[in-house]
There are 2 protein chains.
Amino acid sequence: MHLFGGIEAGGTKFVCGAGTGPDDFETARFPTTTPEETTAAAVAFLRERAGGQLKAVGIGSFGPVDLHPGSPTFGYITSTPKLAWQNFDLAGTVARALNVPVGFDTDVNAASLGEARWGAAQGLSDSVYLTVGTGIGGGAIVHGRVLHGMLHPEMGHIRIPHDTARDPYPGECPFHSDCLEGLACGPAIEERWGKPARELGEDHPAWALEARYLALALNAWVCTLSPKRFVLGGGVMNQPQLFPLIRRELASILNGYIRSKEVTEGLDRYVVPPKLGSRAGVLGALVLAGQAFENAQSQGTTA
Amino acid sequence: MHLFGGIEAGGTKFVCGAGTGPDDFETARFPTTTPEETTAAAVAFLRERAGGQLKAVGIGSFGPVDLHPGSPTFGYITSTPKLAWQNFDLAGTVARALNVPVGFDTDVNAASLGEARWGAAQGLSDSVYLTVGTGIGGGAIVHGRVLHGMLHPEMGHIRIPHDTARDPYPGECPFHSDCLEGLACGPAIEERWGKPARELGEDHPAWALEARYLALALNAWVCTLSPKRFVLGGGVMNQPQLFPLIRRELASILNGYIRSKEVTEGLDRYVVPPKLGSRAGVLGALVLAGQAFENAQSQGTTA
């Protein structure tokens, strides 16, 4: 069992962990201040916890990030509105400080990997992790690997039917107005109903509408990615009444067309909450560390 | 170079081919009558063409089909409205007749594989092939392999925004009314405008509307699969004026949000017609044959 490090690099905090897996994993949190200060705190924690035994580090980062293999700025945070972090070489800084291979991906891809390895999608070759909070983001696992394609998904920005008679709210996405994120993220709920999502009662009509929008999106991903399970996390999904509402809407939208047993045998096990809670991202980063270690090993073997 | 066979099993005809690739490939067509008669014709053609040298056969089939590995009815056509073909063991019948390994997938997945190997998406690890005709179907290549997930995509059945003021036509999908297929397949165009798509002039407003719907769908797949290219085929796409209209709508919908060079450097190379024409399916079946041969070899080696 190799000792790896994980860093979930968020816009407000860094969650760091060192260990071999979820049952042997110590974490710490550091506020996101300057790149130098925050990465120094993360590096110091990993150095101290691992005592020279660290084999690799994985980072799941806020973005936008450069994930193009071979790009001169691979592993950088790029055009973020957080000015101090613009064009910061996050992966390279950590790699040089600790002198180990570093795996790098988006925060949501890391979380999807964590849930697929040790969480609610454990053992499944194909799954989707969605986070519904300040924004909406998704990570897809296909053939057991994170889907990147030309870059990475931007699942929050698909367009879904918007019934403006039922919901005249125009949407809050600065790029697309009423894309999924524009209609269904936490700030959209707050702006539409005049108070934060967490202050709306569980019978508030906000939840039926939210479930409708999320189910329309899930339908698009069922028809496109054909995942074996959806894991829905993020602050908005802390409303447990959403899950049965989403399942009911999804069944209604699918209308019996998809005949896979995952869908036809009831959706209770198909649309589920995360199992790793707030550790999904940093545990996913640990998986990225393992992958970086294996890549370095195989390159060493063939070099 | 191994000699393989390919069968594109369609609802009205079977296209069969034998060879080593697109430059060495002889094809024949047989009408789809009874399962016994049609498969016998296909088998006889492959047997005669290959003269005992056939290493494997691939089949891209109309459906629904059973693609679950390990299922007792894997390789069967299942609940098709073509009664004689219901629960017919297509893959098994061909394998027993020719005594070679048989690869099996949907017709659209085979076409996507053909275009990815030898056609308009050649050399790309991630692409989407869409056929827009009597129905709408898509196949996704992810990490160089056909995406199956729990079964296979049903891309035609995603829901897209339907502006009923601009387009009061209710959609023709018997399951979902105004899903993508319900709004944008060939029969929907004919029903909406009162004449077949091929009889509408190239300036007919039908095409701007069609482009809008297809671009909304492409946006969903850009945001979900992040493909490096879209290949759009099928009868409706034989209208060349559709391509610039779709590209313009897609750029407008994306609105600068996706920063990959594939998208930002203009969409002329991102949304393209097929290169293999009517041979995409049967050449894709040839790729499936190669995969089946390699699988059989590796199982033989490890057994």
# chains A, B, ... in the order shown; residues from 1 in each chain; ligands from 1
$ closest_atom_pairs --of "segment 179-280 of chain B" --to "segment 57-71 of chain A" --cutoff "12 Å" --atoms "only C-alpha atoms" --output "JSON lines"
{"residue": "B:Tyr257", "atom": "CA", "partner": "A:Pro64", "partner_atom": "CA", "distance": 11.1}
{"residue": "B:Ile258", "atom": "CA", "partner": "A:Pro64", "partner_atom": "CA", "distance": 10.5}
{"residue": "B:Arg259", "atom": "CA", "partner": "A:Pro64", "partner_atom": "CA", "distance": 9.7}
{"residue": "B:Ser260", "atom": "CA", "partner": "A:His68", "partner_atom": "CA", "distance": 9.6}
{"residue": "B:Lys261", "atom": "CA", "partner": "A:His68", "partner_atom": "CA", "distance": 11.0}
$ write_last_selection --atoms "N, CA and C atoms" --output "mmCIF file, in the first residue's frame"
data_model
loop_
_atom_site.group_PDB
_atom_site.id
_atom_site.type_symbol
_atom_site.label_atom_id
_atom_site.label_comp_id
_atom_site.auth_asym_id
_atom_site.auth_seq_id
_atom_site.Cartn_x
_atom_site.Cartn_y
_atom_site.Cartn_z
ATOM 1 N N TYR B 257 -18.449 30.394 -24.378
ATOM 2 C CA TYR B 257 -18.168 29.820 -23.053
ATOM 3 C C TYR B 257 -17.114 28.719 -23.084
ATOM 4 N N ILE B 258 -17.117 27.906 -24.144
ATOM 5 C CA ILE B 258 -16.163 26.787 -24.236
ATOM 6 C C ILE B 258 -14.909 27.301 -24.940
ATOM 7 N N ARG B 259 -13.768 27.207 -24.274
ATOM 8 C CA ARG B 259 -12.568 27.869 -24.769
ATOM 9 C C ARG B 259 -11.612 26.929 -25.496
ATOM 10 N N SER B 260 -12.037 25.741 -25.884
ATOM 11 C CA SER B 260 -11.137 24.836 -26.606
ATOM 12 C C SER B 260 -10.946 25.319 -28.031
ATOM 13 N N LYS B 261 -9.756 25.130 -28.549
ATOM 14 C CA LYS B 261 -9.464 25.655 -29.892
ATOM 15 C C LYS B 261 -10.332 24.995 -30.956
#
$ interface_residues --of "chain A" --to "chain B" --cutoff "8 Å" --atoms "only C-alpha atoms" --output "VMD selection string"
chain A and resid 125 to 126 142 to 143 147 to 162 175 to 176 216 219 to 228 253 to 257 260 262
$ select_by_dssp --residues "segment 175-302 of chain B" --states "strand (DSSP E)" --output "list in words"
Phe230, Val231, Leu232, Gly233, Val271 and Val272 of chain B
$ write_last_selection --atoms "N, CA, C and O atoms" --output "compact mmCIF listing (two decimals), in the first residue's frame"
# COMPACT_ATOMS: atom_id res chain seq x y z
N PHE B 230 -17.90 16.52 -34.46
CA PHE B 230 -19.21 15.93 -34.74
C PHE B 230 -19.28 15.57 -36.22
O PHE B 230 -18.98 16.42 -37.07
N VAL B 231 -19.70 14.37 -36.50
CA VAL B 231 -19.94 13.93 -37.87
C VAL B 231 -21.45 13.74 -38.01
O VAL B 231 -22.05 12.92 -37.30
N LEU B 232 -22.07 14.51 -38.90
CA LEU B 232 -23.53 14.48 -39.04
C LEU B 232 -23.91 13.86 -40.37
O LEU B 232 -23.61 14.42 -41.43
N GLY B 233 -24.59 12.71 -40.30
CA GLY B 233 -25.02 12.03 -41.51
C GLY B 233 -26.50 11.72 -41.47
O GLY B 233 -27.25 12.24 -40.65
N VAL B 271 -17.94 20.55 -37.01
CA VAL B 271 -19.25 19.98 -37.37
C VAL B 271 -19.18 19.68 -38.86
O VAL B 271 -19.22 20.59 -39.68
N VAL B 272 -19.05 18.40 -39.20
CA VAL B 272 -18.72 18.04 -40.58
C VAL B 272 -19.59 16.89 -41.08
O VAL B 272 -20.15 16.13 -40.28
$ select_by_dssp --residues "segment 156-190 of chain B" --states "alpha helix (DSSP H)" --output "compact mmCIF listing (two decimals) with all heavy atoms, in the first residue's frame"
# COMPACT_ATOMS: atom_id res chain seq x y z
N LEU B 180 -35.82 15.65 -29.17
CA LEU B 180 -35.08 16.01 -30.39
C LEU B 180 -35.60 15.26 -31.61
O LEU B 180 -35.90 15.86 -32.64
CB LEU B 180 -33.58 15.73 -30.17
CG LEU B 180 -32.71 15.86 -31.41
CD1 LEU B 180 -32.67 17.29 -31.91
CD2 LEU B 180 -31.29 15.34 -31.13
N GLU B 181 -35.69 13.94 -31.50
CA GLU B 181 -36.17 13.15 -32.63
C GLU B 181 -37.59 13.55 -33.02
O GLU B 181 -37.90 13.69 -34.21
CB GLU B 181 -36.12 11.65 -32.29
CG GLU B 181 -36.65 10.76 -33.39
CD GLU B 181 -36.40 9.28 -33.11
OE1 GLU B 181 -35.23 8.87 -33.07
OE2 GLU B 181 -37.37 8.51 -32.93
N GLY B 182 -38.43 13.77 -32.03
CA GLY B 182 -39.81 14.14 -32.29
C GLY B 182 -39.95 15.46 -33.04
O GLY B 182 -40.92 15.66 -33.78
N LEU B 183 -38.98 16.35 -32.86
CA LEU B 183 -39.03 17.65 -33.52
C LEU B 183 -38.23 17.71 -34.81
O LEU B 183 -38.55 18.52 -35.69
CB LEU B 183 -38.50 18.75 -32.57
CG LEU B 183 -39.38 19.09 -31.38
CD1 LEU B 183 -38.64 20.05 -30.44
CD2 LEU B 183 -40.71 19.70 -31.82
N ALA B 184 -37.17 16.90 -34.92
CA ALA B 184 -36.18 17.17 -35.97
C ALA B 184 -35.91 16.00 -36.92
O ALA B 184 -35.11 16.15 -37.85
CB ALA B 184 -34.87 17.64 -35.34
N GLY B 186 -36.71 13.26 -40.02
CA GLY B 186 -37.31 13.47 -41.34
C GLY B 186 -38.83 13.46 -41.33
O GLY B 186 -39.47 14.38 -41.87
N PRO B 187 -39.47 12.46 -40.72
CA PRO B 187 -40.94 12.47 -40.69
C PRO B 187 -41.53 13.68 -39.98
O PRO B 187 -42.61 14.15 -40.36
CB PRO B 187 -41.27 11.17 -39.93
CG PRO B 187 -40.09 10.28 -40.20
CD PRO B 187 -38.90 11.19 -40.25
N ALA B 188 -40.83 14.24 -38.96
CA ALA B 188 -41.33 15.45 -38.30
C ALA B 188 -41.29 16.63 -39.27
O ALA B 188 -42.23 17.45 -39.31
CB ALA B 188 -40.49 15.77 -37.06
N ILE B 189 -40.21 16.73 -40.05
CA ILE B 189 -40.13 17.81 -41.04
C ILE B 189 -41.28 17.69 -42.04
O ILE B 189 -41.98 18.65 -42.34
CB ILE B 189 -38.76 17.77 -41.78
CG1 ILE B 189 -37.61 17.96 -40.77
CG2 ILE B 189 -38.71 18.82 -42.88
CD1 ILE B 189 -36.23 17.77 -41.38
N GLU B 190 -41.50 16.46 -42.50
CA GLU B 190 -42.57 16.25 -43.49
C GLU B 190 -43.94 16.59 -42.92
O GLU B 190 -44.76 17.25 -43.56
CB GLU B 190 -42.52 14.80 -43.99
CG GLU B 190 -43.67 14.48 -44.93
CD GLU B 190 -43.45 13.20 -45.72
OE1 GLU B 190 -42.35 12.61 -45.63
OE2 GLU B 190 -44.39 12.79 -46.43
$ residues_around --residues "segment 239-242 of chain B" --least-positions-apart "2" --cutoff "9 Å" --atoms "only C-alpha atoms" --output "ChimeraX atom specification"
/B:197-198,202-203,207-208,210-211,235-237,244-247,273
$ write_last_selection --atoms "C-alpha atoms" --output "mmCIF file, in the first residue's frame"
data_model
loop_
_atom_site.group_PDB
_atom_site.id
_atom_site.type_symbol
_atom_site.label_atom_id
_atom_site.label_comp_id
_atom_site.auth_asym_id
_atom_site.auth_seq_id
_atom_site.Cartn_x
_atom_site.Cartn_y
_atom_site.Cartn_z
ATOM 1 C CA ALA B 197 -37.778 17.284 -46.502
ATOM 2 C CA ARG B 198 -36.101 16.586 -49.845
ATOM 3 C CA GLU B 202 -32.922 25.281 -49.701
ATOM 4 C CA ASP B 203 -34.267 28.681 -48.553
ATOM 5 C CA TRP B 207 -33.868 24.513 -42.474
ATOM 6 C CA ALA B 208 -33.283 27.377 -40.057
ATOM 7 C CA GLU B 210 -33.930 22.273 -38.150
ATOM 8 C CA ALA B 211 -30.502 23.857 -37.633
ATOM 9 C CA GLY B 235 -30.865 11.511 -45.174
ATOM 10 C CA VAL B 236 -31.834 14.887 -43.708
ATOM 11 C CA MET B 237 -28.161 15.948 -43.662
ATOM 12 C CA PRO B 244 -23.356 26.458 -42.067
ATOM 13 C CA LEU B 245 -26.724 27.090 -40.407
ATOM 14 C CA ILE B 246 -25.982 24.568 -37.665
ATOM 15 C CA ARG B 247 -22.475 25.942 -37.085
ATOM 16 C CA PRO B 273 -20.393 15.584 -42.965
#
$ residues_around --residues "Ala40 of chain B" --least-positions-apart "5" --cutoff "9 Å" --atoms "only C-alpha atoms" --output "list of chain:residue names"
B:Pro35, B:Phe45, B:Val94, B:Ala97
$ write_last_selection --atoms "C-alpha atoms" --output "PDB file, in the first residue's frame"
ATOM      1  CA  PRO B  35     -34.061 -13.777 -40.843  1.00  0.00           C
ATOM      2  CA  PHE B  45     -21.505 -13.839 -49.790  1.00  0.00           C
ATOM      3  CA  VAL B  94     -23.648 -15.862 -38.257  1.00  0.00           C
ATOM      4  CA  ALA B  97     -22.548 -20.593 -39.924  1.00  0.00           C
TER       5      ALA B  97
END
$ residues_around --residues "Phe88 of chain B" --least-positions-apart "3" --cutoff "8 Å" --atoms "only C-alpha atoms" --output "list of chain:residue names"
B:Pro35, B:Tyr76, B:Ile77, B:Thr78, B:Trp85
$ write_last_selection --atoms "C-alpha atoms" --output "tab-separated table (two decimals), in the first residue's frame"
chain	number	residue	atom	x	y	z
B	35	PRO	CA	-34.06	-13.78	-40.84
B	76	TYR	CA	-30.12	-10.93	-30.47
B	77	ILE	CA	-32.50	-8.53	-32.11
B	78	THR	CA	-35.15	-8.21	-29.40
B	85	TRP	CA	-36.99	-10.73	-36.48
